[in-house]
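*Asks:* File name coords_4.pdb; file contents PDB, C-alpha atoms; full text below.
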ATOM      1  CA  MET W1247     104.455  95.770 117.689
ATOM      2  CA  LEU W1248     103.693  99.007 119.449
ATOM      3  CA  ILE W1249     100.060  99.927 120.054
ATOM      4  CA  LEU W1250      99.286 103.399 121.399
ATOM      5  CA  GLU W1251      95.872 104.762 122.275
ATOM      6  CA  CYS W1252      95.380 108.196 120.732
ATOM      7  CA  PRO W1253      94.134 110.486 123.529
ATOM      8  CA  TYR W1254      92.208 112.614 121.016
ATOM      9  CA  CYS W1255      90.145 110.065 119.103
ATOM     10  CA  GLY W1256      90.399 107.094 121.450
ATOM     11  CA  VAL W1257      91.601 104.773 118.677
ATOM     12  CA  LYS W1258      94.049 102.047 119.655
ATOM     13  CA  ALA W1259      96.431 102.708 116.826
ATOM     14  CA  GLU W1260      99.076 100.296 115.682
ATOM     15  CA  GLU W1261     102.554 101.666 114.996
ATOM     16  CA  THR W1262     102.130 101.879 111.216
ATOM     17  CA  GLU W1263      99.191 104.244 111.642
ATOM     18  CA  LEU W1264     101.385 106.620 113.657
ATOM     19  CA  HIS W1265     104.447 108.712 113.030
ATOM     20  CA  ALA W1266     107.184 109.091 115.621
ATOM     21  CA  GLY W1267     108.010 112.694 116.509
ATOM     22  CA  GLY W1268     111.100 112.308 118.659
ATOM     23  CA  GLU W1269     111.720 113.165 122.263
ATOM     24  CA  ALA W1270     109.001 114.830 124.328
ATOM     25  CA  HIS W1271     109.119 117.914 126.564
ATOM     26  CA  LEU W1272     112.090 119.613 124.899
ATOM     27  CA  LYS W1273     112.639 123.116 126.192
ATOM     28  CA  ARG W1274     113.488 125.447 123.372
ATOM     29  CA  PHE W1275     116.487 127.766 123.512
ATOM     30  CA  GLY W1276     116.431 130.295 120.707
ATOM     31  CA  PRO W1277     117.777 133.809 120.181
ATOM     32  CA  GLY W1278     119.293 135.256 123.342
ATOM     33  CA  SER W1279     120.352 131.908 124.796
ATOM     34  CA  SER W1280     123.961 130.900 125.298
ATOM     35  CA  ASP W1281     125.793 128.769 122.747
ATOM     36  CA  ASP W1282     125.893 125.852 125.189
ATOM     37  CA  GLU W1283     122.146 125.979 125.816
ATOM     38  CA  PHE W1284     121.437 126.167 122.101
ATOM     39  CA  HIS W1285     123.833 123.301 121.403
ATOM     40  CA  ASP W1286     122.164 121.125 124.024
ATOM     41  CA  TYR W1287     118.678 121.975 122.788
ATOM     42  CA  LEU W1288     119.654 121.183 119.234
ATOM     43  CA  PHE W1289     121.707 118.039 119.657
ATOM     44  CA  MET W1290     121.453 116.441 123.087
ATOM     45  CA  ARG W1291     118.787 113.760 123.272
ATOM     46  CA  GLU W1292     117.978 111.132 125.840
ATOM     47  CA  ASN W1293     118.596 107.571 124.732
ATOM     48  CA  PRO W1294     117.461 105.571 127.734
ATOM     49  CA  LYS W1295     117.134 101.844 128.201
ATOM     50  CA  GLY W1296     113.838 101.932 130.068
ATOM     51  CA  VAL W1297     111.318 104.681 130.691
ATOM     52  CA  HIS W1298     111.102 107.185 127.853
ATOM     53  CA  PHE W1299     108.791 110.018 126.820
ATOM     54  CA  GLU W1300     108.087 110.599 123.159
ATOM     55  CA  ARG W1301     105.940 112.630 120.808
ATOM     56  CA  TRP W1302     103.804 110.760 118.297
ATOM     57  CA  ARG W1303     101.405 111.864 115.619
ATOM     58  CA  HIS W1304      98.269 109.948 114.688
ATOM     59  CA  VAL W1305      99.083 110.572 111.056
ATOM     60  CA  ASN W1306      96.760 108.072 109.367
ATOM     61  CA  GLY W1307      93.926 108.977 111.667
ATOM     62  CA  CYS W1308      92.809 112.154 113.367
ATOM     63  CA  GLY W1309      96.133 113.838 112.573
ATOM     64  CA  LYS W1310      96.777 115.063 116.120
ATOM     65  CA  TRP W1311     100.083 115.101 117.967
ATOM     66  CA  PHE W1312     100.207 113.488 121.397
ATOM     67  CA  HIS W1313     102.675 112.279 124.015
ATOM     68  CA  ALA W1314     103.443 108.701 125.002
ATOM     69  CA  ALA W1315     105.314 107.260 127.970
ATOM     70  CA  ARG W1316     106.773 103.843 127.318
ATOM     71  CA  CYS W1317     109.635 101.517 128.101
ATOM     72  CA  THR W1318     112.187 101.261 125.303
ATOM     73  CA  MET W1319     113.335  97.850 126.488
ATOM     74  CA  THR W1320     110.031  95.991 126.913
ATOM     75  CA  LEU W1321     107.835  98.176 124.662
ATOM     76  CA  GLU W1322     105.449  98.427 127.612
ATOM     77  CA  VAL W1323     103.269 101.515 127.271
ATOM     78  CA  PHE W1324     102.569 103.388 130.500
ATOM     79  CA  GLY W1325     100.109 105.782 128.949
ATOM     80  CA  THR W1326      99.441 108.458 126.365
ATOM     81  CA  TYR W1327      98.457 112.037 127.080
ATOM     82  CA  SER W1328      97.656 115.359 125.496
ATOM     83  CA  ALA W1329     100.281 117.359 123.601
ATOM     84  CA  GLN W1330      99.208 120.565 125.364
ATOM     85  CA  THR W1331     101.450 120.110 128.380
ATOM     86  CA  TYR W1332     105.056 120.876 129.369
ATOM     87  CA  GLU W1333     105.463 117.858 131.616
ATOM     88  CA  PRO W1334     103.993 114.380 132.128
ATOM     89  CA  PRO W1335     100.718 114.507 134.090
ATOM     90  CA  GLN W1336     100.599 112.976 137.582
ATOM     91  CA  ASP W1337      98.530 109.931 136.583
ATOM     92  CA  ILE W1338     101.149 108.950 133.994
ATOM     93  CA  ARG W1339     103.964 109.414 136.540
ATOM     94  CA  ASP W1340     102.025 107.281 139.028
ATOM     95  CA  ALA W1341     101.503 104.569 136.419
ATOM     96  CA  ILE W1342     105.256 104.489 135.751
ATOM     97  CA  SER W1343     106.146 104.513 139.453
ATOM     98  CA  ALA W1344     103.851 101.529 140.007
ATOM     99  CA  LYS W1345     105.912  99.493 137.520
ATOM    100  CA  ARG W1346     109.379 101.095 137.767
ATOM    101  CA  PRO W1347     109.637 102.543 141.312
ATOM    102  CA  ASP W1348     113.032 104.217 140.837
ATOM    103  CA  TRP W1349     112.591 105.659 137.354
ATOM    104  CA  SER W1350     113.872 109.038 136.345
ATOM    105  CA  TRP W1351     114.006 110.849 133.022
ATOM    106  CA  ARG W1352     115.683 114.230 132.641
ATOM    107  CA  GLU W1353     114.321 116.347 135.514
ATOM    108  CA  PHE W1354     111.244 114.143 136.045
ATOM    109  CA  LYS W1355     111.021 111.298 138.510
TER     110      LYS W1355
ATOM    111  CA  MET B 360      80.258 122.385  80.965
ATOM    112  CA  SER B 361      81.625 118.856  80.733
ATOM    113  CA  ASP B 362      79.907 116.062  82.640
ATOM    114  CA  PRO B 363      81.630 115.140  85.888
ATOM    115  CA  VAL B 364      82.688 111.500  86.134
ATOM    116  CA  SER B 365      83.972 109.599  89.118
ATOM    117  CA  ALA B 366      87.563 108.350  89.267
ATOM    118  CA  LEU B 367      86.965 104.827  87.929
ATOM    119  CA  ASN B 368      83.552 105.323  86.361
ATOM    120  CA  GLY B 369      81.825 102.686  88.476
ATOM    121  CA  ALA B 370      84.400  99.873  88.233
ATOM    122  CA  ALA B 371      83.340  96.699  90.032
ATOM    123  CA  PHE B 372      84.828  93.396  91.125
ATOM    124  CA  SER B 373      83.253  90.323  92.645
ATOM    125  CA  GLY B 374      85.013  87.632  94.635
ATOM    126  CA  MET B 375      84.642  86.670  98.273
ATOM    127  CA  ALA B 376      83.181  90.154  98.627
ATOM    128  CA  SER B 377      81.809  92.633  96.127
ATOM    129  CA  VAL B 378      83.866  95.739  95.488
ATOM    130  CA  ALA B 379      82.303  98.639  93.603
ATOM    131  CA  GLU B 380      83.349 102.168  93.008
ATOM    132  CA  GLY B 381      80.638 104.333  94.492
ATOM    133  CA  GLY B 382      80.347 107.030  91.843
ATOM    134  CA  LEU B 383      80.106 110.729  92.527
ATOM    135  CA  ALA B 384      79.568 111.719  96.130
ATOM    136  CA  GLY B 385      79.253 115.206  97.561
ATOM    137  CA  MET B 386      81.670 115.823 100.402
ATOM    138  CA  ILE B 387      82.382 118.920 102.412
ATOM    139  CA  THR B 388      85.204 119.034 104.891
ATOM    140  CA  LEU B 389      84.448 121.227 107.866
ATOM    141  CA  ARG B 390      86.869 122.330 110.546
ATOM    142  CA  GLY B 391      85.741 124.197 113.590
ATOM    143  CA  ASP B 392      84.628 123.852 117.183
ATOM    144  CA  LEU B 393      82.358 120.786 117.084
ATOM    145  CA  SER B 394      80.773 121.675 120.427
ATOM    146  CA  SER B 395      79.517 125.029 119.140
ATOM    147  CA  ALA B 396      75.716 125.245 118.922
ATOM    148  CA  LYS B 397      75.944 127.337 115.763
ATOM    149  CA  LEU B 398      78.043 124.716 113.978
ATOM    150  CA  LYS B 399      75.734 121.904 115.114
ATOM    151  CA  ASP B 400      72.712 123.785 113.766
ATOM    152  CA  ALA B 401      74.431 124.527 110.461
ATOM    153  CA  VAL B 402      75.299 120.885 109.733
ATOM    154  CA  LYS B 403      71.964 119.644 111.041
ATOM    155  CA  SER B 404      70.028 121.870 108.674
ATOM    156  CA  ALA B 405      72.255 120.824 105.750
ATOM    157  CA  THR B 406      72.096 117.057 106.277
ATOM    158  CA  GLY B 407      69.387 116.376 108.850
ATOM    159  CA  ALA B 408      71.929 114.464 110.908
ATOM    160  CA  ALA B 409      72.853 115.213 114.488
ATOM    161  CA  MET B 410      76.476 115.732 115.557
ATOM    162  CA  PRO B 411      78.170 112.301 115.666
ATOM    163  CA  VAL B 412      80.124 111.284 118.731
ATOM    164  CA  SER B 413      83.814 110.460 118.468
ATOM    165  CA  GLY B 414      84.524 107.661 115.959
ATOM    166  CA  LYS B 415      80.969 107.452 114.635
ATOM    167  CA  VAL B 416      78.980 108.444 111.586
ATOM    168  CA  GLU B 417      75.417 109.792 111.575
ATOM    169  CA  LEU B 418      73.650 108.876 108.352
ATOM    170  CA  ARG B 419      70.384 110.186 106.929
ATOM    171  CA  GLU B 420      68.692 109.513 103.610
ATOM    172  CA  ASP B 421      70.701 111.906 101.434
ATOM    173  CA  GLY B 422      73.495 112.834 103.701
ATOM    174  CA  GLY B 423      75.439 112.267 106.813
ATOM    175  CA  LEU B 424      78.140 113.467 109.136
ATOM    176  CA  CYS B 425      81.400 111.653 109.807
ATOM    177  CA  TRP B 426      83.549 112.407 112.843
ATOM    178  CA  MET B 427      87.065 112.913 111.438
ATOM    179  CA  SER B 428      88.943 114.367 114.410
ATOM    180  CA  PRO B 429      88.137 116.485 117.495
ATOM    181  CA  ASP B 430      87.809 119.556 115.275
ATOM    182  CA  GLU B 431      86.874 118.132 111.885
ATOM    183  CA  LEU B 432      83.740 116.737 110.262
ATOM    184  CA  LEU B 433      83.148 115.210 106.858
ATOM    185  CA  VAL B 434      79.730 116.293 105.617
ATOM    186  CA  LEU B 435      78.172 113.879 103.122
ATOM    187  CA  VAL B 436      75.624 115.294 100.698
ATOM    188  CA  ARG B 437      74.342 114.541  97.196
ATOM    189  CA  TYR B 438      76.870 115.479  94.523
ATOM    190  CA  GLU B 439      74.429 117.769  92.694
ATOM    191  CA  GLU B 440      73.635 119.671  95.867
ATOM    192  CA  VAL B 441      77.126 120.179  97.201
ATOM    193  CA  GLU B 442      77.542 123.838  96.223
ATOM    194  CA  ALA B 443      74.111 124.759  97.583
ATOM    195  CA  LYS B 444      74.754 122.895 100.843
ATOM    196  CA  LEU B 445      78.179 124.491 101.166
ATOM    197  CA  ALA B 446      76.613 127.941 100.812
ATOM    198  CA  GLU B 447      73.994 126.973 103.397
ATOM    199  CA  ILE B 448      76.649 125.789 105.870
ATOM    200  CA  ASN B 449      78.769 128.895 105.294
ATOM    201  CA  ALA B 450      75.737 131.105 105.908
ATOM    202  CA  GLY B 451      75.006 129.215 109.127
ATOM    203  CA  LEU B 452      78.620 129.605 110.264
ATOM    204  CA  LYS B 453      78.787 133.371 109.776
ATOM    205  CA  GLY B 454      80.916 134.912 112.515
ATOM    206  CA  GLU B 455      82.173 131.509 113.653
ATOM    207  CA  HIS B 456      85.878 130.514 113.485
ATOM    208  CA  ALA B 457      85.417 127.612 111.069
ATOM    209  CA  LEU B 458      86.237 126.561 107.533
ATOM    210  CA  ALA B 459      84.091 124.543 105.125
ATOM    211  CA  GLU B 460      85.339 123.436 101.724
ATOM    212  CA  ASN B 461      83.949 121.320  98.890
ATOM    213  CA  VAL B 462      86.282 118.323  98.480
ATOM    214  CA  SER B 463      83.972 116.109  96.390
ATOM    215  CA  ASP B 464      86.248 116.030  93.357
ATOM    216  CA  ALA B 465      89.330 115.263  95.452
ATOM    217  CA  ARG B 466      87.884 111.981  96.687
ATOM    218  CA  ALA B 467      86.845 108.552  95.495
ATOM    219  CA  VAL B 468      84.413 106.263  97.276
ATOM    220  CA  PHE B 469      84.114 102.476  97.240
ATOM    221  CA  ARG B 470      81.596 100.011  98.616
ATOM    222  CA  VAL B 471      82.632  96.603  99.887
ATOM    223  CA  SER B 472      79.829  94.205 100.726
ATOM    224  CA  GLY B 473      79.169  90.531 101.095
ATOM    225  CA  GLU B 474      80.231  87.857 103.540
ATOM    226  CA  GLY B 475      83.945  88.417 103.134
ATOM    227  CA  ALA B 476      83.841  92.203 103.502
ATOM    228  CA  ARG B 477      85.341  92.221 106.999
ATOM    229  CA  GLU B 478      88.119  89.900 105.860
ATOM    230  CA  VAL B 479      88.950  92.138 102.914
ATOM    231  CA  LEU B 480      89.385  95.208 105.097
ATOM    232  CA  ALA B 481      91.204  93.302 107.809
ATOM    233  CA  LYS B 482      93.839  92.293 105.235
ATOM    234  CA  LEU B 483      94.510  95.915 104.363
ATOM    235  CA  CYS B 484      94.010  97.992 107.519
ATOM    236  CA  PRO B 485      95.439  97.747 111.057
ATOM    237  CA  VAL B 486      91.932  97.771 112.521
ATOM    238  CA  ASP B 487      90.060  95.224 114.628
ATOM    239  CA  MET B 488      87.312  94.181 112.214
ATOM    240  CA  SER B 489      85.540  91.650 114.456
ATOM    241  CA  VAL B 490      81.757  91.880 114.656
ATOM    242  CA  ASP B 491      81.895  93.022 118.275
ATOM    243  CA  ALA B 492      84.577  95.639 117.721
ATOM    244  CA  PHE B 493      83.485  97.212 114.444
ATOM    245  CA  VAL B 494      79.754  97.840 114.613
ATOM    246  CA  PRO B 495      77.395  99.555 112.156
ATOM    247  CA  GLY B 496      77.666 103.325 112.414
ATOM    248  CA  GLN B 497      81.339 103.188 113.287
ATOM    249  CA  PHE B 498      83.741 105.408 111.376
ATOM    250  CA  ARG B 499      87.489 104.914 111.173
ATOM    251  CA  ARG B 500      90.267 106.878 109.538
ATOM    252  CA  THR B 501      93.226 104.652 108.950
ATOM    253  CA  ARG B 502      95.801 103.380 106.508
ATOM    254  CA  MET B 503      94.893 101.037 103.663
ATOM    255  CA  ALA B 504      98.177  99.355 102.689
ATOM    256  CA  GLN B 505     100.228 102.410 101.658
ATOM    257  CA  VAL B 506      97.598 105.144 101.489
ATOM    258  CA  ALA B 507      95.292 106.977 103.858
ATOM    259  CA  ALA B 508      91.653 105.928 103.811
ATOM    260  CA  ALA B 509      88.546 106.160 105.933
ATOM    261  CA  PHE B 510      85.534 103.905 106.103
ATOM    262  CA  TRP B 511      82.281 103.316 107.879
ATOM    263  CA  LEU B 512      79.888 100.392 108.152
ATOM    264  CA  ASP B 513      76.200 100.887 107.418
ATOM    265  CA  HIS B 514      73.314  98.820 108.736
ATOM    266  CA  ASP B 515      73.344  96.449 105.725
ATOM    267  CA  GLU B 516      76.875  95.144 106.416
ATOM    268  CA  THR B 517      78.287  97.288 103.608
ATOM    269  CA  PHE B 518      81.525  99.158 104.120
ATOM    270  CA  HIS B 519      81.841 102.590 102.520
ATOM    271  CA  ILE B 520      85.429 103.610 101.877
ATOM    272  CA  VAL B 521      86.656 107.125 101.184
ATOM    273  CA  CYS B 522      90.127 107.780  99.770
ATOM    274  CA  PHE B 523      91.879 110.390  97.685
ATOM    275  CA  ARG B 524      90.888 110.395  94.028
ATOM    276  CA  SER B 525      94.546 110.320  92.983
ATOM    277  CA  VAL B 526      94.948 106.846  94.534
ATOM    278  CA  ALA B 527      91.557 105.457  93.441
ATOM    279  CA  GLY B 528      93.154 103.021  90.975
ATOM    280  CA  TYR B 529      95.556 101.743  93.619
ATOM    281  CA  VAL B 530      92.782 101.289  96.194
ATOM    282  CA  PHE B 531      90.527  99.473  93.711
ATOM    283  CA  THR B 532      93.361  97.076  92.821
ATOM    284  CA  LEU B 533      94.093  96.528  96.504
ATOM    285  CA  LEU B 534      90.472  95.777  97.342
ATOM    286  CA  SER B 535      90.017  93.507  94.339
ATOM    287  CA  THR B 536      93.177  91.552  95.133
ATOM    288  CA  ALA B 537      92.195  91.193  98.777
ATOM    289  CA  ALA B 538      88.704  90.084  97.693
ATOM    290  CA  GLN B 539      89.817  87.308  95.322
ATOM    291  CA  SER B 540      87.663  84.243  95.755
ATOM    292  CA  GLN B 541      89.031  81.466  97.942
ATOM    293  CA  SER B 542      91.423  83.876  99.627
ATOM    294  CA  GLU B 543      89.558  83.905 102.958
ATOM    295  CA  VAL B 544      91.804  83.949 105.989
ATOM    296  CA  GLY B 545      88.891  82.730 108.056
ATOM    297  CA  VAL B 546      89.385  84.989 111.054
ATOM    298  CA  TYR B 547      86.017  86.776 110.892
TER     299      TYR B 547
END
Can you turn what I pasted into structure tokens?

*Replies:*
Amino acid sequence: MLILECPYCGVKAEETELHAGGEAHLKRFGPGSSDDEFHDYLFMRENPKGVHFERWRHVNGCGKWFHAARCTMTLEVFGTYSAQTYEPPQDIRDAISAKRPDWSWREFK
Amino acid sequence: MSDPVSALNGAAFSGMASVAEGGLAGMITLRGDLSSAKLKDAVKSATGAAMPVSGKVELREDGGLCWMSPDELLVLVRYEEVEAKLAEINAGLKGEHALAENVSDARAVFRVSGEGAREVLAKLCPVDMSVDAFVPGQFRRTRMAQVAAAFWLDHDETFHIVCFRSVAGYVFTLLSTAAQSQSEVGVY
């Protein structure tokens, strides 16, 4: 069972109270971008065994979207953070580095 | 005009806890900047209650304020007074980026009380219902089996549940089934 703490209301919400929103920190490529960029934005997703960043929504609660960093293999949660950011904050990266020293995910490490 | 009636007209059930439909309740949903002094004054003058902190409810004799999310409040008032209170809040919020709406008829309320009340809710919601974790004055929006619900605990160990009126029958059946006598799990 996955338990994430919503950074907006502070509730430790169990998975059934949340809704998964897919991969985090996608950079959008819209009109004006090349076909390859648009293809990658639309279809290419990370599917790691290990550290992963995701978007979640506290749907049966405060209704806010947030980000979560977790391990897909052990279900260990490294932390949750605000949705108003383009990249994982330093404290989350430090928390991951403490447990998985050589992690990397897309351009982040 | 026809007389307003609540969803289940005061249905009640008694088992290891008492379940009762709460009747008509005035509710106003309010979205806006909860840290704004103007908004705090508007809701204080309507209910007498101060702004609740995150995850809490502030109750007064005929009203109260529930913290729904970082930008949303549920204002509890008497059903008969809801339109007047809504006008009062709207007047107080003039010029503010906020929205208040009367949602009384979109909701149903239930009361669950008695020794087994914590057990009943723990069967239905993914919430820690232990005495230390869920204290009087606490407010929680969550999932009750398959539908969204919210509840708070008052100082008499009674839980007040708010759900959508359209699922009132489902929620009453859920609560009554969970409250059947001799169905204690014995955790709380």

*Asks:* Starting from the shown file, work through the ChimeraX specification (/B :<9) & /W and note down what comes out as number ranges by chain.

*Replies:* W: 1254-1260, 1262-1263, 1305-1310

*Asks:* Include C-alpha atoms and write out the residues we just selected as a compact mmCIF listing (two decimals), in the frame of the given file.

*Replies:*
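The resulting result.txt:
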# COMPACT_ATOMS: atom_id res chain seq x y z
CA TYR W 1254 92.21 112.61 121.02
CA CYS W 1255 90.14 110.06 119.10
CA GLY W 1256 90.40 107.09 121.45
CA VAL W 1257 91.60 104.77 118.68
CA LYS W 1258 94.05 102.05 119.66
CA ALA W 1259 96.43 102.71 116.83
CA GLU W 1260 99.08 100.30 115.68
CA THR W 1262 102.13 101.88 111.22
CA GLU W 1263 99.19 104.24 111.64
CA VAL W 1305 99.08 110.57 111.06
CA ASN W 1306 96.76 108.07 109.37
CA GLY W 1307 93.93 108.98 111.67
CA CYS W 1308 92.81 112.15 113.37
CA GLY W 1309 96.13 113.84 112.57
CA LYS W 1310 96.78 115.06 116.12

*Asks:* List the residues matched by the PyMOL selection byres ((chain W and resi 1297) around 7) in the displayed structure as a list in words, ordered by chain and then by residue number.

*Replies:* Pro1294, Lys1295, Gly1296, His1298, Arg1316, Cys1317, Thr1318 and Trp1349 of chain W

*Asks:* Could you write those residues out with C-alpha atoms, as a CSV table (one decimal), in the coordinates of the input?

*Replies:*
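File written: part31.csv
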chain,number,residue,atom,x,y,z
W,1294,PRO,CA,117.5,105.6,127.7
W,1295,LYS,CA,117.1,101.8,128.2
W,1296,GLY,CA,113.8,101.9,130.1
W,1298,HIS,CA,111.1,107.2,127.9
W,1316,ARG,CA,106.8,103.8,127.3
W,1317,CYS,CA,109.6,101.5,128.1
W,1318,THR,CA,112.2,101.3,125.3
W,1349,TRP,CA,112.6,105.7,137.4

*Asks:* Might you pull out every residue within 8 Å of B:Thr517, with only C-alpha atoms counted and same-chain residues fewer than 3 positions away left off, and present them as a PDB file with C-alpha atoms, keeping the file's coordinate frame?

*Replies:*
ATOM      1  CA  ARG B 470      81.596 100.011  98.616  1.00  0.00           C
ATOM      2  CA  VAL B 471      82.632  96.603  99.887  1.00  0.00           C
ATOM      3  CA  SER B 472      79.829  94.205 100.726  1.00  0.00           C
ATOM      4  CA  GLY B 473      79.169  90.531 101.095  1.00  0.00           C
ATOM      5  CA  ALA B 476      83.841  92.203 103.502  1.00  0.00           C
ATOM      6  CA  LEU B 512      79.888 100.392 108.152  1.00  0.00           C
ATOM      7  CA  ASP B 513      76.200 100.887 107.418  1.00  0.00           C
ATOM      8  CA  HIS B 514      73.314  98.820 108.736  1.00  0.00           C
TER       9      HIS B 514
END

*Asks:* To one decimal place, how far is atom CA of B:Met410 from atom CA of B:Tyr438 in Å?

*Replies:*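 Separation between atom CA of B:Met410 and atom CA of B:Tyr438: 21.0 Å.
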
*Asks:* Given all atoms listed in the file as the basis, pick out the residue of W:Glu1283, W:Gly1276, W:His1271, W:Glu1353 nearest to W:Glu1333.

*Replies:*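 Distance minimum relative to W:Glu1333 lands on W:His1271.
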
*Asks:* Tell me which of B:Val526, B:Cys425, B:Asp392, B:Val494 sits closest to B:Leu458, counting all atoms listed in the file.

*Replies:* B:Asp392

*Asks:* Do a neighbour search on W:Trp1302 at 8 Å with only C-alpha atoms, toss out local chain neighbours closer than 2 positions, and write the hits as number ranges by chain.

*Replies:* W: 1264-1268, 1300, 1304, 1311-1314

*Asks:* Between B:Cys522, B:Leu398, B:Val544, B:Ala537, single out the one closest to B:Ser377, counting only C-alpha atoms.

*Replies:*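 So, comparing all the options, the nearest one is B:Ala537.
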
*Asks:* Would you kindly identify which residues have an atom no farther than 9 Å from (92.6, 96.8, 101.0), using only C-alpha atoms and the file's own coordinates, and write them out as a list in words?

*Replies:* Val479, Leu480, Ala481, Lys482, Leu483, Cys484, Met503, Ala504, Val530, Phe531, Thr532, Leu533, Leu534, Ser535, Thr536, Ala537 and Ala538 of chain B

*Asks:* Could you spell out the hits of the PyMOL selection byres ((chain B and resi 366) around 9) on the shown file, as a PyMOL selection string?

*Replies:* chain B and resi 364-365+367-369+380+382-383+464+466-468+524-525+527-528

*Asks:* Using only C-alpha atoms, which residues sit within 7 Å of W:Ala1315 once same-chain residues fewer than 6 positions away are excluded, as a VMD selection string?

*Replies:* chain W and resid 1298 to 1300 1323 to 1326
